[in-house]
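Peer 1: This is input_33.cif, which holds mmCIF, C-alpha atoms and all ligand atoms:
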```cif
data_coords
#
loop_
_atom_site.label_atom_id
_atom_site.label_comp_id
_atom_site.auth_asym_id
_atom_site.auth_seq_id
_atom_site.Cartn_x
_atom_site.Cartn_y
_atom_site.Cartn_z
CA MET M 223 25.42 -1.35 19.25
CA THR M 224 27.38 -1.04 15.98
CA SER M 225 30.09 1.61 15.75
CA GLU M 226 29.26 2.75 12.22
CA PRO M 227 25.67 3.86 11.65
CA VAL M 228 22.88 2.61 9.51
CA ILE M 229 21.85 5.61 7.44
CA ILE M 230 18.10 6.07 7.05
CA ILE M 231 17.20 8.31 4.12
CA GLY M 232 13.96 10.17 4.81
CA GLY M 233 12.42 11.33 8.07
CA GLY M 234 8.77 10.55 7.46
CA GLN M 235 6.72 7.79 9.08
CA SER M 236 8.83 5.16 7.26
CA GLY M 237 12.13 6.66 8.37
CA LEU M 238 10.93 7.06 11.96
CA ALA M 239 9.59 3.50 12.08
CA ALA M 240 12.94 2.36 10.67
CA ALA M 241 14.85 4.30 13.33
CA ARG M 242 12.87 2.71 16.12
CA ALA M 243 13.29 -0.78 14.67
CA ALA M 244 17.03 -0.18 14.17
CA LEU M 245 17.47 0.60 17.87
CA THR M 246 15.55 -2.55 18.78
CA ALA M 247 17.82 -4.55 16.47
CA GLY M 248 20.96 -3.14 18.14
CA LEU M 249 21.96 -0.91 15.24
CA ARG M 250 22.92 2.78 15.39
CA PRO M 251 20.54 4.74 13.16
CA VAL M 252 21.21 8.20 11.71
CA VAL M 253 18.25 9.75 9.88
CA LEU M 254 18.94 12.17 7.03
CA GLU M 255 15.88 14.27 6.19
CA ALA M 256 15.79 16.76 3.31
CA GLY M 257 13.11 18.94 4.90
CA SER M 258 13.17 21.18 7.95
CA GLU M 259 11.55 18.65 10.32
CA PRO M 260 10.94 14.91 10.47
CA VAL M 261 7.25 14.77 9.55
CA GLY M 262 7.44 13.37 6.03
CA SER M 263 5.22 14.71 3.27
CA TRP M 264 2.11 15.16 5.42
CA PRO M 265 2.27 19.00 5.60
CA ASP M 266 2.28 19.07 1.78
CA TYR M 267 -0.87 17.00 1.29
CA TYR M 268 -4.07 18.85 0.38
CA ASP M 269 -5.68 20.90 3.12
CA SER M 270 -8.82 18.82 3.71
CA LEU M 271 -7.03 15.48 3.88
CA THR M 272 -8.48 13.19 6.55
CA LEU M 273 -7.06 9.75 7.26
CA PHE M 274 -8.98 6.87 5.72
CA SER M 275 -8.40 4.81 8.86
CA PRO M 276 -9.58 5.71 12.39
CA ALA M 277 -6.94 6.79 14.92
CA ARG M 278 -6.89 3.35 16.56
CA TYR M 279 -5.68 1.80 13.28
CA SER M 280 -3.30 4.62 12.30
CA ALA M 281 -0.56 4.57 14.90
CA LEU M 282 3.10 3.75 14.47
CA PRO M 283 4.62 1.19 16.89
CA GLY M 284 4.80 2.30 20.50
CA MET M 285 2.73 5.49 20.42
CA PRO M 286 -1.06 5.53 20.03
CA PHE M 287 -2.87 8.67 18.83
CA ASP M 288 -4.31 10.74 21.68
CA GLY M 289 -8.06 11.27 21.96
CA ASP M 290 -11.03 9.38 20.56
CA PRO M 291 -9.66 6.24 18.88
CA ASP M 292 -12.62 6.09 16.51
CA ARG M 293 -12.15 9.51 14.96
CA TYR M 294 -10.44 10.05 11.61
CA PRO M 295 -7.43 12.34 12.21
CA ARG M 296 -6.86 15.29 9.88
CA ARG M 297 -3.66 16.05 7.99
CA ASP M 298 -2.30 18.54 10.55
CA GLU M 299 -2.99 16.16 13.41
CA VAL M 300 -0.90 13.51 11.67
CA THR M 301 1.92 16.02 11.20
CA ALA M 302 1.79 16.88 14.92
CA TYR M 303 1.70 13.17 15.80
CA LEU M 304 4.85 12.50 13.72
CA ARG M 305 6.59 15.50 15.29
CA ARG M 306 5.93 13.99 18.75
CA TYR M 307 6.90 10.51 17.56
CA ALA M 308 10.27 11.80 16.35
CA GLN M 309 10.91 13.19 19.84
CA THR M 310 10.14 9.87 21.50
CA VAL M 311 12.43 7.93 19.14
CA ASP M 312 15.67 9.08 20.63
CA VAL M 313 17.97 9.02 17.58
CA ASP M 314 20.25 11.31 15.61
CA ILE M 315 17.97 13.05 13.06
CA ARG M 316 19.72 15.51 10.73
CA THR M 317 17.28 17.80 8.95
CA ARG M 318 17.98 19.92 5.83
CA SER M 319 20.18 17.06 4.72
CA ARG M 320 19.25 15.77 1.26
CA VAL M 321 20.95 12.62 0.08
CA THR M 322 22.24 13.01 -3.47
CA ALA M 323 23.99 9.68 -3.99
CA VAL M 324 24.78 6.38 -2.33
CA ARG M 325 27.95 4.63 -3.45
CA PRO M 326 29.40 1.22 -2.56
CA ARG M 327 32.54 0.85 -0.47
CA ARG M 328 35.05 -1.93 -1.05
CA ASP M 329 34.42 -3.44 2.38
CA GLY M 330 30.71 -3.92 1.67
CA GLY M 331 29.63 -0.72 3.41
CA TYR M 332 28.31 2.46 1.81
CA LEU M 333 29.19 6.10 1.36
CA VAL M 334 26.21 8.42 1.55
CA HIS M 335 26.61 11.85 -0.05
CA THR M 336 24.46 14.85 0.86
CA ASP M 337 23.74 18.18 -0.83
CA ALA M 338 25.76 19.88 1.92
CA GLY M 339 28.85 18.06 0.63
CA ASP M 340 28.98 15.58 3.52
CA GLU M 341 30.12 12.02 2.94
CA LEU M 342 28.99 9.57 5.60
CA GLY M 343 30.10 5.99 5.98
CA ALA M 344 27.40 3.41 6.74
CA VAL M 345 27.17 -0.31 7.45
CA GLY M 346 23.73 -0.29 5.88
CA VAL M 347 21.27 2.01 4.15
CA VAL M 348 17.50 2.29 4.49
CA ALA M 349 15.78 4.05 1.60
CA ALA M 350 12.69 5.54 3.27
CA SER M 351 12.24 8.62 1.11
CA GLY M 352 8.64 7.98 0.03
CA SER M 353 7.21 8.77 -3.38
CA PHE M 354 5.54 12.15 -2.98
CA GLY M 355 8.59 13.83 -4.50
CA ASN M 356 8.16 11.78 -7.67
CA PRO M 357 4.58 12.20 -8.94
CA TYR M 358 3.68 10.21 -12.05
CA LEU M 359 2.23 12.23 -14.91
CA PRO M 360 1.26 10.42 -18.11
CA THR M 361 1.76 12.20 -21.42
CA LEU M 362 -1.06 12.49 -23.94
CA PRO M 363 -1.11 13.89 -27.47
CA GLY M 364 -1.38 17.69 -27.45
CA GLN M 365 -0.43 18.01 -23.78
CA ASP M 366 2.38 20.51 -24.35
CA ASP M 367 0.06 22.89 -26.24
CA TYR M 368 -2.75 22.82 -23.66
CA ALA M 369 -3.14 26.37 -22.35
CA GLY M 370 -5.25 25.52 -19.29
CA ASP M 371 -4.10 24.70 -15.76
CA LEU M 372 -2.56 21.22 -15.80
CA ARG M 373 -1.16 19.77 -12.61
CA HIS M 374 -0.59 16.60 -10.64
CA VAL M 375 -2.74 16.23 -7.53
CA ALA M 376 0.51 16.49 -5.52
CA HIS M 377 0.31 20.23 -6.26
CA TYR M 378 -3.38 20.63 -5.37
CA ARG M 379 -4.23 22.28 -2.04
CA GLN M 380 -7.86 23.52 -1.87
CA PRO M 381 -11.02 23.63 -4.02
CA GLU M 382 -11.81 27.37 -3.88
CA ALA M 383 -9.15 28.06 -6.52
CA TYR M 384 -11.41 26.31 -9.06
CA ALA M 385 -14.64 28.24 -8.34
CA GLY M 386 -16.82 28.56 -11.44
CA LYS M 387 -14.43 26.60 -13.65
CA ARG M 388 -14.75 23.49 -15.78
CA VAL M 389 -12.48 20.85 -14.27
CA VAL M 390 -11.45 17.31 -15.22
CA VAL M 391 -9.83 15.07 -12.61
CA VAL M 392 -8.01 12.03 -14.01
CA GLY M 393 -7.92 8.85 -11.92
CA ALA M 394 -10.10 6.31 -10.12
CA GLY M 395 -8.37 6.12 -6.75
CA ASN M 396 -9.04 7.70 -3.36
CA SER M 397 -7.26 11.00 -4.09
CA ALA M 398 -8.99 11.45 -7.46
CA VAL M 399 -12.46 10.92 -6.05
CA GLN M 400 -11.91 12.94 -2.85
CA VAL M 401 -10.49 15.91 -4.74
CA ALA M 402 -13.10 15.78 -7.53
CA TYR M 403 -15.85 15.63 -4.91
CA GLU M 404 -14.67 18.64 -2.96
CA ILE M 405 -14.07 20.73 -6.11
CA ALA M 406 -17.59 19.82 -7.31
CA ALA M 407 -19.02 22.07 -4.57
CA HIS M 408 -17.44 25.02 -6.42
CA ALA M 409 -17.12 23.98 -10.07
CA ARG M 410 -18.39 21.60 -12.77
CA VAL M 411 -16.25 18.48 -12.43
CA THR M 412 -15.85 15.27 -14.41
CA LEU M 413 -13.81 12.28 -13.32
CA ALA M 414 -11.96 10.82 -16.30
CA THR M 415 -11.17 7.15 -15.71
CA ARG M 416 -10.19 4.08 -17.72
CA GLU M 417 -12.64 1.89 -15.84
CA PRO M 418 -15.74 2.47 -13.74
CA VAL M 419 -15.04 3.75 -10.23
CA ARG M 420 -15.39 0.95 -7.70
CA PHE M 421 -16.17 1.56 -4.05
CA LEU M 422 -15.43 -0.18 -0.77
CA PRO M 423 -17.72 0.67 2.14
CA GLN M 424 -15.95 2.59 4.88
CA ARG M 425 -18.15 0.85 7.45
CA LEU M 426 -19.45 -2.71 7.56
CA GLY M 427 -21.62 -4.24 10.29
CA GLY M 428 -21.26 -1.09 12.38
CA ARG M 429 -17.45 -1.12 12.28
CA ASP M 430 -14.81 0.60 10.19
CA LEU M 431 -13.43 -1.49 7.34
CA HIS M 432 -9.98 -1.43 8.98
CA HIS M 433 -11.34 -3.52 11.84
CA TRP M 434 -12.24 -6.24 9.33
CA LEU M 435 -8.94 -5.91 7.47
CA ARG M 436 -7.22 -6.64 10.76
CA VAL M 437 -9.38 -9.46 12.09
CA THR M 438 -9.51 -11.31 8.75
CA GLY M 439 -5.78 -10.90 8.18
CA ALA M 440 -6.41 -9.23 4.79
CA ASP M 441 -4.14 -6.37 5.85
CA ARG M 442 -1.17 -8.74 5.84
CA LEU M 443 -1.83 -10.57 2.59
CA PRO M 444 0.94 -10.30 0.00
CA ARG M 445 0.13 -8.59 -3.28
CA ARG M 446 -0.08 -11.79 -5.35
CA VAL M 447 -2.84 -13.12 -3.08
CA LEU M 448 -4.73 -9.88 -2.59
CA THR M 449 -4.83 -8.99 -6.30
CA ARG M 450 -6.55 -12.30 -6.95
CA LEU M 451 -9.30 -11.22 -4.55
CA VAL M 452 -9.45 -7.50 -5.46
CA ARG M 453 -8.63 -6.91 -9.12
CA HIS M 454 -9.29 -3.18 -9.42
CA ALA M 455 -8.49 0.08 -7.68
CA THR M 456 -11.15 0.81 -5.08
CA VAL M 457 -12.24 3.94 -3.29
CA LEU M 458 -13.26 3.99 0.37
CA ASP M 459 -16.68 5.55 0.67
CA THR M 460 -19.20 6.30 3.39
CA GLY M 461 -21.77 6.64 0.58
CA VAL M 462 -21.21 10.31 -0.27
CA TYR M 463 -19.11 9.69 -3.38
CA ARG M 464 -21.48 7.10 -4.78
CA ASP M 465 -24.39 9.51 -4.16
CA ALA M 466 -22.49 12.37 -5.82
CA LEU M 467 -22.01 10.28 -8.96
CA ALA M 468 -25.59 9.03 -8.91
CA SER M 469 -27.04 12.53 -8.44
CA GLY M 470 -24.86 14.10 -11.16
CA LEU M 471 -23.05 16.42 -8.74
CA LEU M 472 -20.01 14.63 -10.11
CA SER M 473 -19.89 13.02 -13.55
CA ARG M 474 -17.65 10.28 -14.90
CA ARG M 475 -16.46 9.73 -18.46
CA ASP M 476 -14.06 7.32 -20.11
CA MET M 477 -10.57 8.79 -20.17
CA PHE M 478 -10.02 11.45 -22.83
CA THR M 479 -7.58 10.53 -25.58
CA ALA M 480 -5.86 13.87 -26.26
CA PHE M 481 -5.54 17.49 -25.22
CA THR M 482 -6.70 20.33 -27.45
CA PRO M 483 -5.22 23.83 -27.02
CA ASP M 484 -8.17 24.81 -24.79
CA GLY M 485 -9.41 21.52 -23.41
CA VAL M 486 -9.67 17.79 -24.02
CA SER M 487 -10.87 15.44 -26.73
CA TRP M 488 -13.08 12.72 -25.25
CA ALA M 489 -12.88 9.05 -26.27
CA ASP M 490 -15.78 9.47 -28.75
CA GLY M 491 -13.89 12.33 -30.46
CA THR M 492 -15.92 15.17 -28.93
CA PRO M 493 -13.74 18.17 -27.99
CA GLU M 494 -14.62 20.19 -24.89
CA PRO M 495 -13.08 23.36 -23.47
CA VAL M 496 -11.72 22.68 -19.99
CA ASP M 497 -10.11 25.21 -17.61
CA ALA M 498 -8.14 22.77 -15.49
CA VAL M 499 -7.00 19.15 -15.58
CA ILE M 500 -5.74 17.46 -12.41
CA PHE M 501 -3.90 14.15 -12.77
CA ALA M 502 -4.38 11.93 -9.72
CA THR M 503 -2.30 9.24 -11.38
CA GLY M 504 -0.07 8.11 -8.56
CA TYR M 505 3.57 8.29 -7.62
CA ARG M 506 6.79 6.37 -8.13
CA PRO M 507 9.49 5.69 -5.49
CA ASP M 508 11.67 8.79 -5.04
CA VAL M 509 15.03 7.04 -4.99
CA ALA M 510 17.13 8.63 -7.75
CA TYR M 511 20.06 8.81 -5.30
CA LEU M 512 20.39 5.04 -5.68
CA LYS M 513 21.17 5.27 -9.41
CA PRO M 514 24.98 5.43 -8.92
CA LEU M 515 24.70 2.16 -6.99
CA GLY M 516 22.93 0.31 -9.81
CA ALA M 517 20.18 -0.77 -7.42
CA LEU M 518 17.29 0.32 -9.67
CA ASP M 519 15.54 -1.10 -12.69
CA HIS M 520 14.23 1.81 -14.79
CA GLY M 521 13.94 3.85 -11.60
CA ALA M 522 12.22 1.11 -9.57
CA PRO M 523 13.98 -0.56 -6.63
CA ARG M 524 15.07 -4.13 -7.28
CA GLN M 525 13.86 -5.70 -4.08
CA VAL M 526 11.79 -8.43 -2.53
CA GLY M 527 9.84 -7.57 0.60
CA GLY M 528 11.93 -4.41 1.00
CA ILE M 529 15.30 -6.17 0.81
CA SER M 530 17.50 -5.21 -2.12
CA THR M 531 18.21 -8.09 -4.48
CA THR M 532 21.31 -6.33 -5.80
CA HIS M 533 23.02 -4.87 -2.72
CA PRO M 534 23.35 -6.62 0.65
CA GLY M 535 22.84 -4.06 3.40
CA LEU M 536 20.40 -1.94 1.40
CA VAL M 537 16.73 -2.10 2.41
CA TYR M 538 13.58 -0.13 1.62
CA LEU M 539 10.58 1.03 3.61
CA GLY M 540 7.25 2.53 2.63
CA LEU M 541 7.07 1.10 -0.89
CA GLU M 542 3.60 0.46 -2.20
CA PHE M 543 2.77 -3.22 -1.58
CA GLN M 544 6.26 -3.85 -0.21
CA ARG M 545 4.96 -6.80 1.78
CA SER M 546 1.23 -6.18 1.99
CA PHE M 547 -1.60 -3.77 1.21
CA ALA M 548 -0.76 -1.90 4.45
CA SER M 549 2.95 -1.41 3.70
CA ASN M 550 2.61 2.20 2.60
CA THR M 551 0.38 3.22 5.51
CA LEU M 552 0.84 4.44 9.06
CA ARG M 553 -0.63 1.22 10.45
CA GLY M 554 1.49 -1.13 8.32
CA VAL M 555 4.96 0.37 8.07
CA GLY M 556 6.01 -0.69 11.59
CA ARG M 557 5.67 -4.38 10.71
CA ASP M 558 7.79 -3.94 7.61
CA ALA M 559 10.36 -1.94 9.58
CA ALA M 560 10.85 -4.84 12.01
CA HIS M 561 11.22 -7.24 9.07
CA VAL M 562 13.84 -5.29 7.11
CA MET M 563 15.78 -4.30 10.22
CA THR M 564 16.09 -7.92 11.34
CA ALA M 565 17.56 -8.72 7.93
CA LEU M 566 19.86 -5.69 8.08
CA ALA M 567 21.09 -6.56 11.57
CA ALA M 568 21.86 -10.12 10.41
CA HIS M 569 23.80 -8.73 7.45
CA VAL M 570 25.77 -6.36 9.68
CA SER M 571 26.68 -9.07 12.17
CA ARG M 572 28.00 -11.25 9.31
CA ARG M 573 30.49 -8.57 8.21
CA PRO M 574 34.03 -9.53 9.36
CA ARG M 575 35.08 -5.98 10.31
CA GLN M 576 31.92 -5.53 12.29
CA ARG M 577 32.51 -8.78 14.15
CA ARG M 578 36.01 -7.60 15.04
CA GLN M 579 34.62 -4.28 16.25
CA ARG M 580 32.00 -6.03 18.33
CA LYS M 581 34.66 -8.24 19.97
CA ALA M 582 36.72 -5.13 20.71
CA ASP M 583 33.65 -3.40 22.17
CA VAL M 584 32.92 -6.42 24.40
CA ALA M 585 36.58 -6.69 25.47
CA SER M 586 36.81 -3.01 26.39
CA HIS M 587 33.47 -3.23 28.22
CA LEU M 588 34.68 -6.22 30.25
CA GLY M 589 37.99 -4.45 30.87
CA SER M 590 36.37 -1.30 32.19
CA GLY M 591 34.00 -3.43 34.31
CA ALA M 592 36.95 -5.28 35.90
CA GLN M 593 38.56 -1.99 36.97
CA ARG M 594 35.44 -0.81 38.81
C1 LIG P 1 -2.78 12.22 -0.59
C2 LIG P 1 -2.37 11.04 0.24
C3 LIG P 1 -3.20 10.59 1.24
C4 LIG P 1 -2.82 9.53 2.07
N1 LIG P 1 -3.65 9.12 3.07
C5 LIG P 1 -3.25 8.13 3.89
C6 LIG P 1 -4.06 7.73 5.00
O1 LIG P 1 -5.17 8.23 5.18
N2 LIG P 1 -3.61 6.77 5.85
C7 LIG P 1 -2.38 6.19 5.67
O2 LIG P 1 -1.98 5.37 6.50
N3 LIG P 1 -1.61 6.51 4.62
C8 LIG P 1 -2.00 7.46 3.72
N4 LIG P 1 -1.20 7.80 2.66
C9 LIG P 1 -0.03 6.95 2.35
C10 LIG P 1 1.22 7.15 3.22
O3 LIG P 1 0.93 6.87 4.57
C11 LIG P 1 1.80 8.56 3.09
O4 LIG P 1 2.12 8.81 1.76
C12 LIG P 1 3.05 8.78 3.95
O5 LIG P 1 3.41 10.14 3.90
C13 LIG P 1 4.23 7.92 3.49
O6 LIG P 1 5.26 8.05 4.44
P1 LIG P 1 6.79 7.88 4.04
O7 LIG P 1 7.58 8.18 5.25
O8 LIG P 1 6.99 6.57 3.38
O9 LIG P 1 7.03 8.98 2.91
P2 LIG P 1 6.93 10.56 3.06
O10 LIG P 1 5.88 10.97 3.99
O11 LIG P 1 6.85 11.07 1.67
O12 LIG P 1 8.32 10.96 3.70
C14 LIG P 1 9.52 10.83 2.98
C15 LIG P 1 10.52 11.82 3.54
O13 LIG P 1 11.76 11.63 2.87
C16 LIG P 1 12.34 12.89 2.61
N5 LIG P 1 13.24 12.74 1.46
C17 LIG P 1 12.91 12.51 0.17
N6 LIG P 1 14.02 12.41 -0.59
C18 LIG P 1 15.07 12.57 0.26
C19 LIG P 1 16.50 12.58 0.07
N7 LIG P 1 17.05 12.39 -1.13
N8 LIG P 1 17.29 12.79 1.14
C20 LIG P 1 16.75 12.99 2.39
N9 LIG P 1 15.41 13.00 2.61
C21 LIG P 1 14.59 12.79 1.56
C22 LIG P 1 11.16 13.80 2.35
O14 LIG P 1 11.51 15.15 2.61
C23 LIG P 1 10.13 13.26 3.32
O15 LIG P 1 10.16 13.94 4.56
C24 LIG P 1 -1.57 8.88 1.83
C25 LIG P 1 -0.75 9.33 0.81
C26 LIG P 1 -1.14 10.41 0.02
C27 LIG P 1 -0.21 10.88 -1.08
#
```
Please express the file's structure as C-alpha cells.
Ligand SMILES: Cc1cc2nc3c(=O)[nH]c(=O)nc-3n(C[C@H](O)[C@H](O)[C@H](O)COP(=O)(O)OP(=O)(O)OC[C@H]3O[C@@H](n4cnc5c(N)ncnc54)[C@H](O)[C@@H]3O)c2cc1C
Peer 2:
Amino acid sequence: MTSEPVIIIGGGQSGLAAARAALTAGLRPVVLEAGSEPVGSWPDYYDSLTLFSPARYSALPGMPFDGDPDRYPRRDEVTAYLRRYAQTVDVDIRTRSRVTAVRPRRDGGYLVHTDAGDELGAVGVVAASGSFGNPYLPTLPGQDDYAGDLRHVAHYRQPEAYAGKRVVVVGAGNSAVQVAYEIAAHARVTLATREPVRFLPQRLGGRDLHHWLRVTGADRLPRRVLTRLVRHATVLDTGVYRDALASGLLSRRDMFTAFTPDGVSWADGTPEPVDAVIFATGYRPDVAYLKPLGALDHGAPRQVGGISTTHPGLVYLGLEFQRSFASNTLRGVGRDAAHVMTALAAHVSRRPRQRRQRKADVASHLGSGAQR
C-alpha cells in the first residue's frame, strides 16, 4: 500500500465506490466529505423520491440491498444503505471537511486544502463531489423582476407547499415530470418544455427496463453510440405520467420566452400570472476547487472516461456520461471506479519517489520477517 494517500473528494456513492476500488488497487484512500456523514446528496433530494431502478440493479459493488430485490427503494432507504456501505468500506473518512482548493506539487503530487485550514499531501486526487451543489439555472428576460416563487428543483421538497397555486415546471426529464405530476394533485401545473416529453416504459415484457439495459449491454454503451440510438431526453414511466398528460391533469406548453413581474410570457406572446416556477434544468459538476489547478474548461472537467487530460494523477467519478449512460447511477459507478483506480494506481507506481518508497517498504518488511 502507498505511504501517501489518494485523496477522494466527496463521500457520496461515487466517493465510497472510489474508496473501495482504491483499496483493491493497493492505494491508501482518505475521503474528505463536506457534510456530517458519508451519504452524498440523497438526504437532500425531494421527499417522495423513489429509485428508478429496482433494488437488484441499484447496488454498489460488494453489498446488495436487503429485502425484495424487485422493489424500488425510497430516498431514505438509499441514505441508510450508503451509511451501512461506508461502514463496510473500512477507510479513513473525514466528515465536515470541505475541500476548497487542489494545487500541484513539484514532485507531481498534490496539496489538498480544506475549509478547516488543513493542507494534505496526496499522490493522487479523485474528484467525486457530484453536481447537486451546482444546480444549473438558465436566465430569461425579466427573471430578476419576477415576484413569484422561483427555484431550482434542487430546493424542492414536497408538493403540499403549492396547494391551490398556479405552477410552471420547466424541463422534460425525470425530475421535471415526477415533480410536476405530484404537485398536480394539489395545484394547476404546466410543464414548460422545448420539445415534446418522450417516455420510456418502466417495464417491458414483464421485466423492468433495467433488466434489458443490462442484458443488451446498452447500459455500457459510450455516449457517442447511445446518442445515435436515443436522441432526446426520455422519462421513465409506468404509464401514469402519459395518462396525466393525456387526461389534462398535467398540461404541457412550449417553453415560455420571458418572465413578467407576476408570471410568464408564453411562446405565442400570451402573458399569464403564475405563482411559482420550478426549474428542473439539470446540474453541472461541482468542482470549483479544481480551478487553481487549471483542470477545468469553463467549469467543466477536462477528462476522457474520468481521467484528467491535463493533470496525471487526477481522476473523476460520477460525471454524467463519464463512460456510459449508467456512470452517474448507483448501478454504474462501481465499474467506473475500477477503471479510474486502475489508471491511478498505474500512475502512482510510475512515480520515482513512490517506487523508492515501495522498495523501502518491501526491504523493511523482509527485514522484520527475517528477525522473527
Ligand atoms: C433528484 C435525483 C434523483 C436521482 N435518482 C436516481 C436513481 O433513482 N437511481 C440512481 O442510480 N441515480 C439517481 N440519481 C443520480 C445519482 O445517483 C445521484 O445524484 C447520486 O447522489 C450521485 O452520487 P455522487 O456521489 O456522485 O454525488 P453526491 O450524492 O452529490 O455526493 C457528493 C458528495 O460530495 C460532497 N462534496 C461536495 N463538494 C465537496 C467539497 N468541496 N469537499 C468535500 N466534499 C464535497 C457532498 O457533500 C456530497 O456528500 C438521481 C439524482 C437526482 C438529482
Peer 1: Can you pull out the residues contacting M:Leu359? Cut-off 8 Å, using all atoms listed in the file, and skip same-chain residues under 3 positions away; I want them as a ChimeraX atom specification.
Peer 2: /M:374,501,503-504
Peer 1: With a distance cut-off of 6 Å and all atoms listed in the file, select the neighbouring residues of M:Tyr505, excluding the residue or stretch itself and same-chain residues fewer than 3 positions from it, and output the selection as a compact mmCIF listing (two decimals) with C-alpha atoms, in the frame of the given file.
Peer 2:
```
# COMPACT_ATOMS: atom_id res chain seq x y z
CA SER M 353 7.21 8.77 -3.38
CA ASN M 356 8.16 11.78 -7.67
CA PRO M 357 4.58 12.20 -8.94
CA TYR M 358 3.68 10.21 -12.05
```
Peer 1: Kindly assemble as a Markdown table a list of the chain M residues that lie within 7 Å of ligand LIG 1 (chain P), each paired with its nearest atom pair and their distance in Å to one decimal, using all atoms listed in the file, sorted first by chain and then by ascending residue number.
Peer 2:
```
| residue | atom | partner | partner_atom | distance |
| --- | --- | --- | --- | --- |
| M:Ile231 | CA | P:LIG1 | C20 | 5.0 |
| M:Gly232 | CA | P:LIG1 | O13 | 3.3 |
| M:Gly233 | CA | P:LIG1 | O15 | 4.9 |
| M:Gly234 | CA | P:LIG1 | O7 | 3.5 |
| M:Gln235 | CA | P:LIG1 | O7 | 3.9 |
| M:Ser236 | CA | P:LIG1 | O7 | 3.8 |
| M:Gly237 | CA | P:LIG1 | O7 | 5.7 |
| M:Leu254 | CA | P:LIG1 | C20 | 5.2 |
| M:Glu255 | CA | P:LIG1 | N9 | 3.8 |
| M:Ala256 | CA | P:LIG1 | N9 | 3.8 |
| M:Gly257 | CA | P:LIG1 | O14 | 4.7 |
| M:Pro260 | CA | P:LIG1 | O15 | 6.0 |
| M:Val261 | CA | P:LIG1 | O15 | 5.8 |
| M:Gly262 | CA | P:LIG1 | O15 | 3.1 |
| M:Ser263 | CA | P:LIG1 | O10 | 3.9 |
| M:Trp264 | CA | P:LIG1 | O5 | 5.4 |
| M:Tyr267 | CA | P:LIG1 | C1 | 5.5 |
| M:Tyr268 | CA | P:LIG1 | C1 | 6.8 |
| M:Leu271 | CA | P:LIG1 | C3 | 6.7 |
| M:Thr272 | CA | P:LIG1 | O1 | 6.1 |
| M:Leu273 | CA | P:LIG1 | O1 | 3.2 |
| M:Phe274 | CA | P:LIG1 | O1 | 4.1 |
| M:Ser275 | CA | P:LIG1 | O1 | 6.0 |
| M:Ser280 | CA | P:LIG1 | O2 | 6.0 |
| M:Ser319 | CA | P:LIG1 | C20 | 5.8 |
| M:Arg320 | CA | P:LIG1 | N8 | 3.6 |
| M:Val321 | CA | P:LIG1 | N8 | 3.8 |
| M:Thr322 | CA | P:LIG1 | N7 | 5.7 |
| M:Ala350 | CA | P:LIG1 | O8 | 5.8 |
| M:Ser351 | CA | P:LIG1 | O13 | 3.5 |
| M:Gly352 | CA | P:LIG1 | O9 | 3.4 |
| M:Ser353 | CA | P:LIG1 | O11 | 5.6 |
| M:Phe354 | CA | P:LIG1 | O11 | 5.0 |
| M:Gly355 | CA | P:LIG1 | C17 | 6.5 |
| M:Ser397 | CA | P:LIG1 | C1 | 5.8 |
| M:Asp508 | CA | P:LIG1 | N6 | 6.2 |
| M:Val509 | CA | P:LIG1 | N7 | 6.9 |
| M:Tyr511 | CA | P:LIG1 | N7 | 6.3 |
| M:Leu539 | CA | P:LIG1 | O8 | 6.6 |
| M:Gly540 | CA | P:LIG1 | O8 | 4.1 |
| M:Leu541 | CA | P:LIG1 | O8 | 6.9 |
| M:Asn550 | CA | P:LIG1 | C10 | 5.2 |
| M:Thr551 | CA | P:LIG1 | O2 | 3.3 |
| M:Leu552 | CA | P:LIG1 | O2 | 3.9 |
| M:Arg553 | CA | P:LIG1 | O2 | 5.9 |
```
Peer 1: Just want the 8 Å neighbourhood of M:Gln365, counted on only C-alpha atoms, with same-chain residues fewer than 5 positions away dropped. Output as a list in words.
Peer 2: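 What passes the distance filter is Ala480, Phe481 and Thr482 of chain M.
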Peer 1: How many Å lie between atom CA of M:Ile405 and atom CA of M:Thr456, rounded to one decimal?
Peer 2: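 Distance reported for this atom pair: 20.2 Å.
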Peer 1: Reconstruct stretch 445-454 of chain M at the level of N, CA and C atoms, and format the result as a PDB file, in the frame of the given file.
Peer 2:
```pdb
ATOM      1  N   ARG M 445       0.803  -9.115  -2.100  1.00  0.00           N
ATOM      2  CA  ARG M 445       0.130  -8.590  -3.280  1.00  0.00           C
ATOM      3  C   ARG M 445      -0.445  -9.701  -4.173  1.00  0.00           C
ATOM      4  N   ARG M 446       0.360 -10.763  -4.394  1.00  0.00           N
ATOM      5  CA  ARG M 446      -0.080 -11.790  -5.350  1.00  0.00           C
ATOM      6  C   ARG M 446      -1.390 -12.443  -4.894  1.00  0.00           C
ATOM      7  N   VAL M 447      -1.601 -12.517  -3.590  1.00  0.00           N
ATOM      8  CA  VAL M 447      -2.840 -13.120  -3.080  1.00  0.00           C
ATOM      9  C   VAL M 447      -3.971 -12.093  -3.147  1.00  0.00           C
ATOM     10  N   LEU M 448      -3.675 -10.891  -2.663  1.00  0.00           N
ATOM     11  CA  LEU M 448      -4.730  -9.880  -2.590  1.00  0.00           C
ATOM     12  C   LEU M 448      -5.264  -9.508  -3.975  1.00  0.00           C
ATOM     13  N   THR M 449      -4.361  -9.415  -4.968  1.00  0.00           N
ATOM     14  CA  THR M 449      -4.830  -8.990  -6.300  1.00  0.00           C
ATOM     15  C   THR M 449      -5.699 -10.059  -6.952  1.00  0.00           C
ATOM     16  N   ARG M 450      -5.613 -11.282  -6.436  1.00  0.00           N
ATOM     17  CA  ARG M 450      -6.550 -12.300  -6.950  1.00  0.00           C
ATOM     18  C   ARG M 450      -7.953 -12.057  -6.390  1.00  0.00           C
ATOM     19  N   LEU M 451      -8.002 -11.469  -5.190  1.00  0.00           N
ATOM     20  CA  LEU M 451      -9.300 -11.220  -4.550  1.00  0.00           C
ATOM     21  C   LEU M 451      -9.881  -9.872  -4.989  1.00  0.00           C
ATOM     22  N   VAL M 452      -8.999  -8.851  -5.075  1.00  0.00           N
ATOM     23  CA  VAL M 452      -9.450  -7.500  -5.460  1.00  0.00           C
ATOM     24  C   VAL M 452      -8.668  -7.110  -6.718  1.00  0.00           C
ATOM     25  N   ARG M 453      -9.354  -7.082  -7.856  1.00  0.00           N
ATOM     26  CA  ARG M 453      -8.630  -6.910  -9.120  1.00  0.00           C
ATOM     27  C   ARG M 453      -8.519  -5.459  -9.562  1.00  0.00           C
ATOM     28  N   HIS M 454      -9.272  -4.558  -8.928  1.00  0.00           N
ATOM     29  CA  HIS M 454      -9.290  -3.180  -9.420  1.00  0.00           C
ATOM     30  C   HIS M 454      -9.018  -2.210  -8.281  1.00  0.00           C
TER      31      HIS M 454
END
```
